[in-house]
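Here is the file entry_1.pdb (PDB, C-alpha atoms and all ligand atoms).
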MODEL        1
ATOM      1  CA  MET A  12      17.090   4.731  26.758
ATOM      2  CA  THR A  13      19.416   4.371  29.757
ATOM      3  CA  ASP A  14      18.631   2.568  32.972
ATOM      4  CA  GLN A  15      19.789   4.940  35.669
ATOM      5  CA  PRO A  16      18.355   4.307  39.139
ATOM      6  CA  HIS A  17      15.145   6.280  39.440
ATOM      7  CA  PRO A  18      15.114   8.963  42.127
ATOM      8  CA  PRO A  19      12.313   8.546  44.650
ATOM      9  CA  GLU A  20       9.203  10.226  43.234
ATOM     10  CA  VAL A  21       8.517  12.280  46.355
ATOM     11  CA  ASP A  22       5.754  14.396  44.912
ATOM     12  CA  ILE A  23       3.786  11.620  43.215
ATOM     13  CA  PRO A  24       2.140   9.292  45.747
ATOM     14  CA  VAL A  25       2.740   5.589  45.134
ATOM     15  CA  LYS A  26      -0.218   3.531  43.967
ATOM     16  CA  PRO A  27      -0.973  -0.042  44.988
ATOM     17  CA  THR A  28      -1.233  -2.688  42.273
ATOM     18  CA  SER A  29      -4.908  -3.229  43.036
ATOM     19  CA  ALA A  30      -5.791   0.394  42.236
ATOM     20  CA  SER A  31      -5.484  -0.197  38.497
ATOM     21  CA  ARG A  32      -5.943  -3.963  38.075
ATOM     22  CA  THR A  33      -8.499  -4.524  35.300
ATOM     23  CA  THR A  34     -10.375  -7.406  33.677
ATOM     24  CA  LEU A  35     -11.853  -7.053  30.210
ATOM     25  CA  SER A  36     -14.326  -9.775  29.159
ATOM     26  CA  HIS A  37     -15.498 -10.548  25.662
ATOM     27  CA  ILE A  38     -17.501 -13.313  23.952
ATOM     28  CA  MET A  39     -15.811 -14.534  20.776
ATOM     29  CA  THR A  40     -17.918 -14.450  17.613
ATOM     30  CA  GLY A  41     -17.685 -15.679  14.036
ATOM     31  CA  ASN A  42     -16.033 -12.370  13.091
ATOM     32  CA  ASP A  43     -13.021 -13.252  15.244
ATOM     33  CA  THR A  44     -11.935 -16.441  13.483
ATOM     34  CA  ASN A  45      -8.964 -17.425  11.338
ATOM     35  CA  LEU A  46      -9.045 -19.894   8.427
ATOM     36  CA  LEU A  47      -8.956 -22.827  10.844
ATOM     37  CA  GLY A  48     -12.168 -21.645  12.503
ATOM     38  CA  THR A  49     -10.523 -20.826  15.831
ATOM     39  CA  VAL A  50      -9.998 -17.294  17.125
ATOM     40  CA  HIS A  51      -7.353 -15.245  15.307
ATOM     41  CA  GLY A  52      -4.309 -14.468  17.455
ATOM     42  CA  GLY A  53      -4.515 -10.813  16.456
ATOM     43  CA  VAL A  54      -7.989 -10.552  17.998
ATOM     44  CA  ILE A  55      -6.564 -11.716  21.313
ATOM     45  CA  MET A  56      -3.593  -9.350  20.958
ATOM     46  CA  LYS A  57      -5.970  -6.426  20.469
ATOM     47  CA  LEU A  58      -7.853  -7.356  23.655
ATOM     48  CA  VAL A  59      -4.529  -7.698  25.481
ATOM     49  CA  ASP A  60      -3.422  -4.238  24.313
ATOM     50  CA  ASP A  61      -6.825  -2.773  25.237
ATOM     51  CA  ALA A  62      -6.794  -4.230  28.760
ATOM     52  CA  ALA A  63      -3.158  -3.264  29.336
ATOM     53  CA  GLY A  64      -3.842   0.248  28.019
ATOM     54  CA  ALA A  65      -6.744   0.652  30.430
ATOM     55  CA  VAL A  66      -4.483  -0.383  33.312
ATOM     56  CA  ALA A  67      -1.670   1.941  32.215
ATOM     57  CA  GLY A  68      -4.112   4.849  31.882
ATOM     58  CA  ARG A  69      -5.612   4.166  35.296
ATOM     59  CA  HIS A  70      -2.251   3.803  36.991
ATOM     60  CA  SER A  71      -0.672   6.852  35.397
ATOM     61  CA  GLY A  72      -3.798   9.006  35.613
ATOM     62  CA  GLY A  73      -3.730  10.017  31.949
ATOM     63  CA  PRO A  74      -2.792   8.938  28.456
ATOM     64  CA  ALA A  75      -0.289   6.146  27.962
ATOM     65  CA  VAL A  76       0.969   4.574  24.730
ATOM     66  CA  THR A  77       2.175   1.046  23.986
ATOM     67  CA  ALA A  78       5.974   1.129  23.680
ATOM     68  CA  SER A  79       6.495  -2.620  23.318
ATOM     69  CA  MET A  80       4.780  -5.946  23.606
ATOM     70  CA  ASP A  81       6.795  -9.051  24.268
ATOM     71  CA  GLU A  82       6.450 -12.669  25.276
ATOM     72  CA  MET A  83       2.939 -12.926  23.825
ATOM     73  CA  VAL A  84       2.239 -16.604  24.372
ATOM     74  CA  PHE A  85      -0.751 -18.572  23.088
ATOM     75  CA  LEU A  86      -1.170 -21.733  25.135
ATOM     76  CA  GLU A  87      -4.480 -23.123  23.843
ATOM     77  CA  PRO A  88      -6.836 -22.240  20.981
ATOM     78  CA  VAL A  89      -9.810 -19.996  21.732
ATOM     79  CA  ARG A  90     -13.090 -20.866  20.021
ATOM     80  CA  VAL A  91     -16.226 -19.054  18.911
ATOM     81  CA  GLY A  92     -18.609 -18.734  21.861
ATOM     82  CA  ASP A  93     -15.854 -18.814  24.485
ATOM     83  CA  LEU A  94     -16.037 -16.067  27.111
ATOM     84  CA  VAL A  95     -12.533 -14.604  27.266
ATOM     85  CA  HIS A  96     -11.329 -12.702  30.330
ATOM     86  CA  VAL A  97      -8.227 -10.555  29.902
ATOM     87  CA  ARG A  98      -6.720  -9.709  33.296
ATOM     88  CA  ALA A  99      -4.077  -7.020  33.468
ATOM     89  CA  GLN A 100      -2.050  -5.320  36.182
ATOM     90  CA  VAL A 101       0.967  -3.066  36.528
ATOM     91  CA  ASN A 102       3.946  -5.295  37.366
ATOM     92  CA  TRP A 103       6.646  -2.635  37.522
ATOM     93  CA  THR A 104       7.127   1.095  37.086
ATOM     94  CA  GLY A 105      10.099   3.136  35.937
ATOM     95  CA  ARG A 106      10.269   6.887  35.513
ATOM     96  CA  SER A 107       7.698   7.204  32.744
ATOM     97  CA  SER A 108       7.181   3.575  31.760
ATOM     98  CA  MET A 109       5.148   0.741  33.224
ATOM     99  CA  GLU A 110       5.312  -2.966  32.543
ATOM    100  CA  VAL A 111       1.809  -4.432  32.411
ATOM    101  CA  GLY A 112       1.366  -8.177  32.756
ATOM    102  CA  VAL A 113      -1.650  -9.749  31.087
ATOM    103  CA  ARG A 114      -3.213 -13.165  31.560
ATOM    104  CA  VAL A 115      -5.846 -14.423  29.122
ATOM    105  CA  MET A 116      -8.442 -16.878  30.439
ATOM    106  CA  ALA A 117     -11.197 -18.640  28.492
ATOM    107  CA  GLU A 118     -14.483 -20.044  29.759
ATOM    108  CA  ARG A 119     -15.491 -22.672  27.230
ATOM    109  CA  TRP A 120     -19.005 -22.074  25.980
ATOM    110  CA  ASN A 121     -19.831 -25.825  25.895
ATOM    111  CA  GLU A 122     -18.081 -27.023  29.077
ATOM    112  CA  SER A 123     -18.880 -26.340  32.711
ATOM    113  CA  THR A 124     -15.209 -26.251  33.667
ATOM    114  CA  PRO A 125     -13.335 -23.392  35.339
ATOM    115  CA  ALA A 126     -11.801 -20.755  33.092
ATOM    116  CA  GLN A 127      -8.578 -22.019  31.524
ATOM    117  CA  GLN A 128      -5.471 -19.923  30.896
ATOM    118  CA  VAL A 129      -4.996 -19.599  27.133
ATOM    119  CA  GLY A 130      -2.333 -16.916  26.887
ATOM    120  CA  SER A 131      -0.184 -14.256  28.509
ATOM    121  CA  ALA A 132       1.886 -11.239  27.556
ATOM    122  CA  TYR A 133       4.032  -8.423  28.913
ATOM    123  CA  LEU A 134       3.662  -4.911  27.563
ATOM    124  CA  VAL A 135       5.541  -1.715  28.269
ATOM    125  CA  PHE A 136       3.508   1.480  28.226
ATOM    126  CA  ALA A 137       4.904   4.993  28.393
ATOM    127  CA  ALA A 138       2.786   7.696  29.997
ATOM    128  CA  VAL A 139       2.737  10.765  27.792
ATOM    129  CA  ASP A 140       1.780  14.417  28.154
ATOM    130  CA  GLU A 141      -0.284  16.497  25.733
ATOM    131  CA  ASP A 142       2.745  16.789  23.421
ATOM    132  CA  GLY A 143       3.269  13.023  23.352
ATOM    133  CA  LYS A 144       6.397  13.357  25.516
ATOM    134  CA  PRO A 145       7.056  10.870  28.331
ATOM    135  CA  ARG A 146       5.805  12.035  31.743
ATOM    136  CA  ARG A 147       6.473  10.643  35.196
ATOM    137  CA  VAL A 148       4.263   7.924  36.630
ATOM    138  CA  PRO A 149       3.463   7.023  40.227
ATOM    139  CA  GLN A 150       5.590   4.154  41.494
ATOM    140  CA  VAL A 151       3.612   0.959  41.898
ATOM    141  CA  ALA A 152       3.483  -0.608  45.361
ATOM    142  CA  PRO A 153       3.212  -4.392  45.016
ATOM    143  CA  GLU A 154       0.846  -5.710  47.668
ATOM    144  CA  THR A 155       0.824  -9.494  47.665
ATOM    145  CA  GLU A 156       3.690 -11.972  47.448
ATOM    146  CA  ARG A 157       2.581 -12.677  43.868
ATOM    147  CA  ASP A 158       2.744  -8.938  43.053
ATOM    148  CA  LYS A 159       6.236  -8.805  44.547
ATOM    149  CA  ARG A 160       7.417 -11.782  42.483
ATOM    150  CA  ARG A 161       5.986 -10.179  39.344
ATOM    151  CA  TYR A 162       7.780  -6.920  40.176
ATOM    152  CA  GLN A 163      11.104  -8.744  40.514
ATOM    153  CA  GLU A 164      10.558 -10.712  37.304
ATOM    154  CA  ALA A 165       9.626  -7.499  35.461
ATOM    155  CA  GLN A 166      12.914  -5.942  36.563
ATOM    156  CA  ILE A 167      14.757  -8.902  35.020
ATOM    157  CA  ARG A 168      12.856  -8.424  31.747
ATOM    158  CA  ARG A 169      13.595  -4.690  31.815
ATOM    159  CA  THR A 170      17.320  -5.352  32.239
ATOM    160  CA  HIS A 171      17.290  -7.806  29.336
ATOM    161  CA  ARG A 172      15.301  -5.441  27.061
ATOM    162  CA  LEU A 173      17.795  -2.642  27.655
ATOM    163  CA  ALA A 174      20.807  -4.922  27.194
ATOM    164  CA  ARG A 175      19.423  -6.353  23.933
ATOM    165  CA  ARG A 176      18.677  -2.903  22.537
ATOM    166  CA  ARG A 177      22.128  -1.650  23.501
ATOM    167  CA  ALA A 178      23.901  -4.685  21.995
ATOM    168  CA  ILE A 179      22.012  -4.396  18.691
ATOM    169  CA  LYS A 180      22.651  -0.649  18.524
ATOM    170  CA  GLU A 181      26.370  -1.204  19.115
ATOM    171  CA  LEU A 182      26.526  -3.920  16.442
ATOM    172  CA  ARG A 183      24.838  -1.657  13.887
ATOM    173  CA  GLU A 184      27.159   1.227  14.744
ATOM    174  CA  GLN A 185      30.173  -1.059  14.403
ATOM    175  CA  ARG A 186      29.022  -2.337  10.995
ATOM    176  CA  ALA A 187      28.340   1.222   9.837
ATOM    177  CA  ALA A 188      31.814   2.278  11.034
ATOM    178  CA  GLU A 189      33.293  -0.580   8.973
ATOM    179  CA  GLY A 190      31.509   0.827   5.944
ATOM    180  CA  ILE A 191      29.121  -2.116   5.603
ATOM    181  CA  ASP A 192      25.941  -0.947   3.904
ATOM    182  CA  ASP A 193      22.953  -3.291   4.160
TER     183      ASP A 193
HETATM  184  C1  LIG B   1       7.148   5.173  23.633
HETATM  185  C2  LIG B   1       7.666   6.597  23.392
HETATM  186  C3  LIG B   1       6.756   7.627  24.077
HETATM  187  C4  LIG B   1       9.084   6.667  23.997
HETATM  188  O1  LIG B   1       9.562   7.973  23.750
HETATM  189  P1  LIG B   1      11.140   8.328  23.792
HETATM  190  O2  LIG B   1      11.276   9.695  23.269
HETATM  191  O3  LIG B   1      11.919   7.215  23.183
HETATM  192  O4  LIG B   1      11.403   8.426  25.324
HETATM  193  P2  LIG B   1      12.360   7.611  26.305
HETATM  194  O5  LIG B   1      13.526   6.981  25.613
HETATM  195  O6  LIG B   1      12.624   8.536  27.447
HETATM  196  O7  LIG B   1      11.420   6.429  26.810
HETATM  197  C5  LIG B   1      10.402   6.677  27.749
HETATM  198  C6  LIG B   1      10.241   5.433  28.602
HETATM  199  O8  LIG B   1       9.746   4.379  27.760
HETATM  200  C7  LIG B   1      10.660   3.287  27.805
HETATM  201  N1  LIG B   1      10.723   2.717  26.466
HETATM  202  C8  LIG B   1      10.854   3.389  25.299
HETATM  203  N2  LIG B   1      10.899   2.536  24.269
HETATM  204  C9  LIG B   1      10.787   1.311  24.787
HETATM  205  C10 LIG B   1      10.759   0.006  24.238
HETATM  206  N3  LIG B   1      10.855  -0.220  22.937
HETATM  207  N4  LIG B   1      10.648  -1.047  25.072
HETATM  208  C11 LIG B   1      10.536  -0.858  26.394
HETATM  209  N5  LIG B   1      10.539   0.354  26.996
HETATM  210  C12 LIG B   1      10.678   1.411  26.201
HETATM  211  C13 LIG B   1      11.986   3.879  28.240
HETATM  212  O9  LIG B   1      12.797   2.911  28.864
HETATM  213  C14 LIG B   1      11.546   4.944  29.196
HETATM  214  O10 LIG B   1      11.246   4.344  30.439
HETATM  215  P3  LIG B   1      11.552   5.091  31.857
HETATM  216  O11 LIG B   1      11.145   6.532  31.710
HETATM  217  O12 LIG B   1      10.659   4.379  32.832
HETATM  218  O13 LIG B   1      13.001   4.897  32.128
HETATM  219  C15 LIG B   1       7.749   6.930  21.865
HETATM  220  O14 LIG B   1       8.686   6.062  21.250
HETATM  221  C16 LIG B   1       6.413   6.801  21.171
HETATM  222  O15 LIG B   1       5.579   7.702  21.234
HETATM  223  N6  LIG B   1       6.200   5.677  20.478
HETATM  224  C17 LIG B   1       4.921   5.435  19.789
HETATM  225  C18 LIG B   1       3.922   4.808  20.755
HETATM  226  C19 LIG B   1       2.610   4.515  20.085
HETATM  227  O16 LIG B   1       2.108   5.309  19.322
HETATM  228  N7  LIG B   1       2.089   3.322  20.394
HETATM  229  C20 LIG B   1       0.892   2.854  19.748
HETATM  230  C21 LIG B   1       1.279   2.145  18.489
HETATM  231  S1  LIG B   1       0.145   2.452  17.199
ENDMDL
END
What is this file in structure tokens?
Amino acid sequence: MTDQPHPPEVDIPVKPTSASRTTLSHIMTGNDTNLLGTVHGGVIMKLVDDAAGAVAGRHSGGPAVTASMDEMVFLEPVRVGDLVHVRAQVNWTGRSSMEVGVRVMAERWNESTPAQQVGSAYLVFAAVDEDGKPRRVPQVAPETERDKRRYQEAQIRRTHRLARRRAIKELREQRAAEGIDD
């Protein structure tokens, strides 16, 4: 996984962020709880992956698989009866990968207050062909100032992901070369 500059994708028209932005809404039930009686984090993660996958599929115009999920943050507990809205959009595109940003909002079933942010996450999806091999995606065209900020922040995360992977790979290779077997 190298990070060479991507050549302009002349034959794939760019797509605006709004073309694939998606919100998935779900009412939490008793089946979604953990032992404390609040909603299990894994239930929210599934919704996040579902919403992000829908966005990645829409943006890339075909199948896309989750390559990574990072910075999943839970800010507040979600409770049974809450109406959860999972909002996702493409923040950044590479050659075959897309970073999707997800914000999780909850409307409390017993309060007439505006929806509250309860979580967020960043996922990388790779668009794949019928053989499961990465295929090119349209470049995303950020539209608003917020989209542009998210694009720039996603580039920072991308740089850090690649650097971390490279550093860990090099460390493992060095240890193997020294004959250390763990
Ligand atoms: C994701 C996958 C297609 C990558 O395939 P690969 O042969 O490693 O291909 P590449 O190294 O060219 O990676 C393809 C793109 O994904 C990105 N990518 C791959 N692994 C990544 C990771 N762990 N984190 C972030 N991005 C990643 C690469 O940077 C590359 O992006 P670019 O084309 O925009 O530069 C492959 O690892 C796969 O199929 N994984 C399983 C996915 C899956 O089944 N998910 C559901 C889990 S049940």
Taking the file above as input, evaluate the PyMOL selection byres (((not hetatm)) within 9 of (chain B and resi 1)) and report the hits as a compact mmCIF listing (two decimals) with C-alpha atoms, in the frame of the given file.
# COMPACT_ATOMS: atom_id res chain seq x y z
CA MET A 12 17.09 4.73 26.76
CA THR A 13 19.42 4.37 29.76
CA ASP A 14 18.63 2.57 32.97
CA GLN A 15 19.79 4.94 35.67
CA PRO A 16 18.36 4.31 39.14
CA HIS A 17 15.14 6.28 39.44
CA ALA A 75 -0.29 6.15 27.96
CA VAL A 76 0.97 4.57 24.73
CA THR A 77 2.17 1.05 23.99
CA ALA A 78 5.97 1.13 23.68
CA SER A 79 6.50 -2.62 23.32
CA MET A 80 4.78 -5.95 23.61
CA ASP A 81 6.80 -9.05 24.27
CA THR A 104 7.13 1.10 37.09
CA GLY A 105 10.10 3.14 35.94
CA ARG A 106 10.27 6.89 35.51
CA SER A 107 7.70 7.20 32.74
CA SER A 108 7.18 3.58 31.76
CA MET A 109 5.15 0.74 33.22
CA GLU A 110 5.31 -2.97 32.54
CA LEU A 134 3.66 -4.91 27.56
CA VAL A 135 5.54 -1.72 28.27
CA PHE A 136 3.51 1.48 28.23
CA ALA A 137 4.90 4.99 28.39
CA ALA A 138 2.79 7.70 30.00
CA VAL A 139 2.74 10.76 27.79
CA GLY A 143 3.27 13.02 23.35
CA LYS A 144 6.40 13.36 25.52
CA PRO A 145 7.06 10.87 28.33
CA ARG A 146 5.80 12.04 31.74
CA ARG A 147 6.47 10.64 35.20
CA VAL A 148 4.26 7.92 36.63
CA ARG A 169 13.60 -4.69 31.82
CA ARG A 172 15.30 -5.44 27.06
CA LEU A 173 17.80 -2.64 27.66
CA ARG A 176 18.68 -2.90 22.54
To test your reading of the syntax: which residues would the PyMOL selection byres (((chain A and resi 129) around 7) and not hetatm) return for the file shown? Reply as a list in words.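 This file gives the following for the PyMOL selection byres (((chain A and resi 129) around 7) and not hetatm): Phe85, Leu86, Glu87, Pro88, Val115, Met116, Ala117, Gln127, Gln128 and Gly130 of chain A.
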Could you list the residues chosen by the PyMOL selection byres (((chain A and resi 67) around 8) and not hetatm) in this structure as a PyMOL selection string? chain A and resi 31+63-66+68-71+75+101+109+111+136+138
Taking C-alpha atoms for each residue, export the selection above as a PDB file, in the coordinates of the input.
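Output contents, as saved in part_27.pdb:
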ATOM      1  CA  SER A  31      -5.484  -0.197  38.497  1.00  0.00           C
ATOM      2  CA  ALA A  63      -3.158  -3.264  29.336  1.00  0.00           C
ATOM      3  CA  GLY A  64      -3.842   0.248  28.019  1.00  0.00           C
ATOM      4  CA  ALA A  65      -6.744   0.652  30.430  1.00  0.00           C
ATOM      5  CA  VAL A  66      -4.483  -0.383  33.312  1.00  0.00           C
ATOM      6  CA  GLY A  68      -4.112   4.849  31.882  1.00  0.00           C
ATOM      7  CA  ARG A  69      -5.612   4.166  35.296  1.00  0.00           C
ATOM      8  CA  HIS A  70      -2.251   3.803  36.991  1.00  0.00           C
ATOM      9  CA  SER A  71      -0.672   6.852  35.397  1.00  0.00           C
ATOM     10  CA  ALA A  75      -0.289   6.146  27.962  1.00  0.00           C
ATOM     11  CA  VAL A 101       0.967  -3.066  36.528  1.00  0.00           C
ATOM     12  CA  MET A 109       5.148   0.741  33.224  1.00  0.00           C
ATOM     13  CA  VAL A 111       1.809  -4.432  32.411  1.00  0.00           C
ATOM     14  CA  PHE A 136       3.508   1.480  28.226  1.00  0.00           C
ATOM     15  CA  ALA A 138       2.786   7.696  29.997  1.00  0.00           C
TER      16      ALA A 138
END
How many Å lie between CA of Tyr133 (chain A) and CA of Gly112 (chain A), rounded to one decimal?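 Straight-line distance from CA of Tyr133 (chain A) to CA of Gly112 (chain A) works out to 4.7 Å.
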If you count all atoms listed in the file, which residues fall within 12 Å of Ala152 (chain A), apart from same-chain ones fewer than 4 positions away, as a PyMOL selection string? chain A and resi 24-31+70+100-104+156+158-159+161-162
Kindly indicate which residue among A:Val113, A:Ile38, A:Val84, A:Ile23 lies nearest to Asp60 (chain A), using all atoms listed in the file for the distances. A:Val113
For Leu94 (chain A), which residue out of A:Ile167, A:Leu35, A:Ala132, A:Ala62 is the nearest one, using all atoms listed in the file?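 The answer is A:Leu35, which sits nearest to Leu94 (chain A).
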Can you tell me how far CA of Ser36 (chain A) sits from CA of Asp140 (chain A), in Å to one decimal?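 We find that CA of Ser36 (chain A) and CA of Asp140 (chain A) lie 29.1 Å from each other.
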Just give me the gap between CA of Glu154 (chain A) and CA of Glu118 (chain A) in Å, one decimal is fine. 27.6 Å
Mind completing region 24-36 of chain A with N, CA and C atoms? Output as an mmCIF file, keeping the file's coordinate frame, please?
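Generated output (rebuild39.cif):
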data_model
loop_
_atom_site.group_PDB
_atom_site.id
_atom_site.type_symbol
_atom_site.label_atom_id
_atom_site.label_comp_id
_atom_site.auth_asym_id
_atom_site.auth_seq_id
_atom_site.Cartn_x
_atom_site.Cartn_y
_atom_site.Cartn_z
ATOM 1 N N PRO A 24 2.382 10.390 44.803
ATOM 2 C CA PRO A 24 2.140 9.292 45.747
ATOM 3 C C PRO A 24 2.166 7.941 45.041
ATOM 4 N N VAL A 25 2.726 6.929 45.712
ATOM 5 C CA VAL A 25 2.740 5.589 45.134
ATOM 6 C C VAL A 25 1.311 5.073 45.044
ATOM 7 N N LYS A 26 1.115 4.120 44.130
ATOM 8 C CA LYS A 26 -0.218 3.531 43.967
ATOM 9 C C LYS A 26 -0.101 2.020 44.119
ATOM 10 N N PRO A 27 -1.018 1.417 44.873
ATOM 11 C CA PRO A 27 -0.973 -0.042 44.988
ATOM 12 C C PRO A 27 -1.380 -0.710 43.675
ATOM 13 N N THR A 28 -0.907 -1.939 43.488
ATOM 14 C CA THR A 28 -1.233 -2.688 42.273
ATOM 15 C C THR A 28 -2.739 -2.773 42.064
ATOM 16 N N SER A 29 -3.465 -2.979 43.166
ATOM 17 C CA SER A 29 -4.908 -3.229 43.036
ATOM 18 C C SER A 29 -5.673 -2.000 42.542
ATOM 19 N N ALA A 30 -5.072 -0.819 42.633
ATOM 20 C CA ALA A 30 -5.791 0.394 42.236
ATOM 21 C C ALA A 30 -6.081 0.432 40.742
ATOM 22 N N SER A 31 -5.281 -0.282 39.948
ATOM 23 C CA SER A 31 -5.484 -0.197 38.497
ATOM 24 C C SER A 31 -5.742 -1.561 37.851
ATOM 25 N N ARG A 32 -5.734 -2.612 38.656
ATOM 26 C CA ARG A 32 -5.943 -3.963 38.075
ATOM 27 C C ARG A 32 -7.294 -3.983 37.352
ATOM 28 N N THR A 33 -7.303 -4.576 36.157
ATOM 29 C CA THR A 33 -8.499 -4.524 35.300
ATOM 30 C C THR A 33 -8.733 -5.871 34.636
ATOM 31 N N THR A 34 -10.021 -6.240 34.489
ATOM 32 C CA THR A 34 -10.375 -7.406 33.677
ATOM 33 C C THR A 34 -11.345 -6.976 32.593
ATOM 34 N N LEU A 35 -11.001 -7.349 31.361
ATOM 35 C CA LEU A 35 -11.853 -7.053 30.210
ATOM 36 C C LEU A 35 -12.405 -8.390 29.735
ATOM 37 N N SER A 36 -13.740 -8.494 29.579
ATOM 38 C CA SER A 36 -14.326 -9.775 29.159
ATOM 39 C C SER A 36 -15.061 -9.607 27.844
#
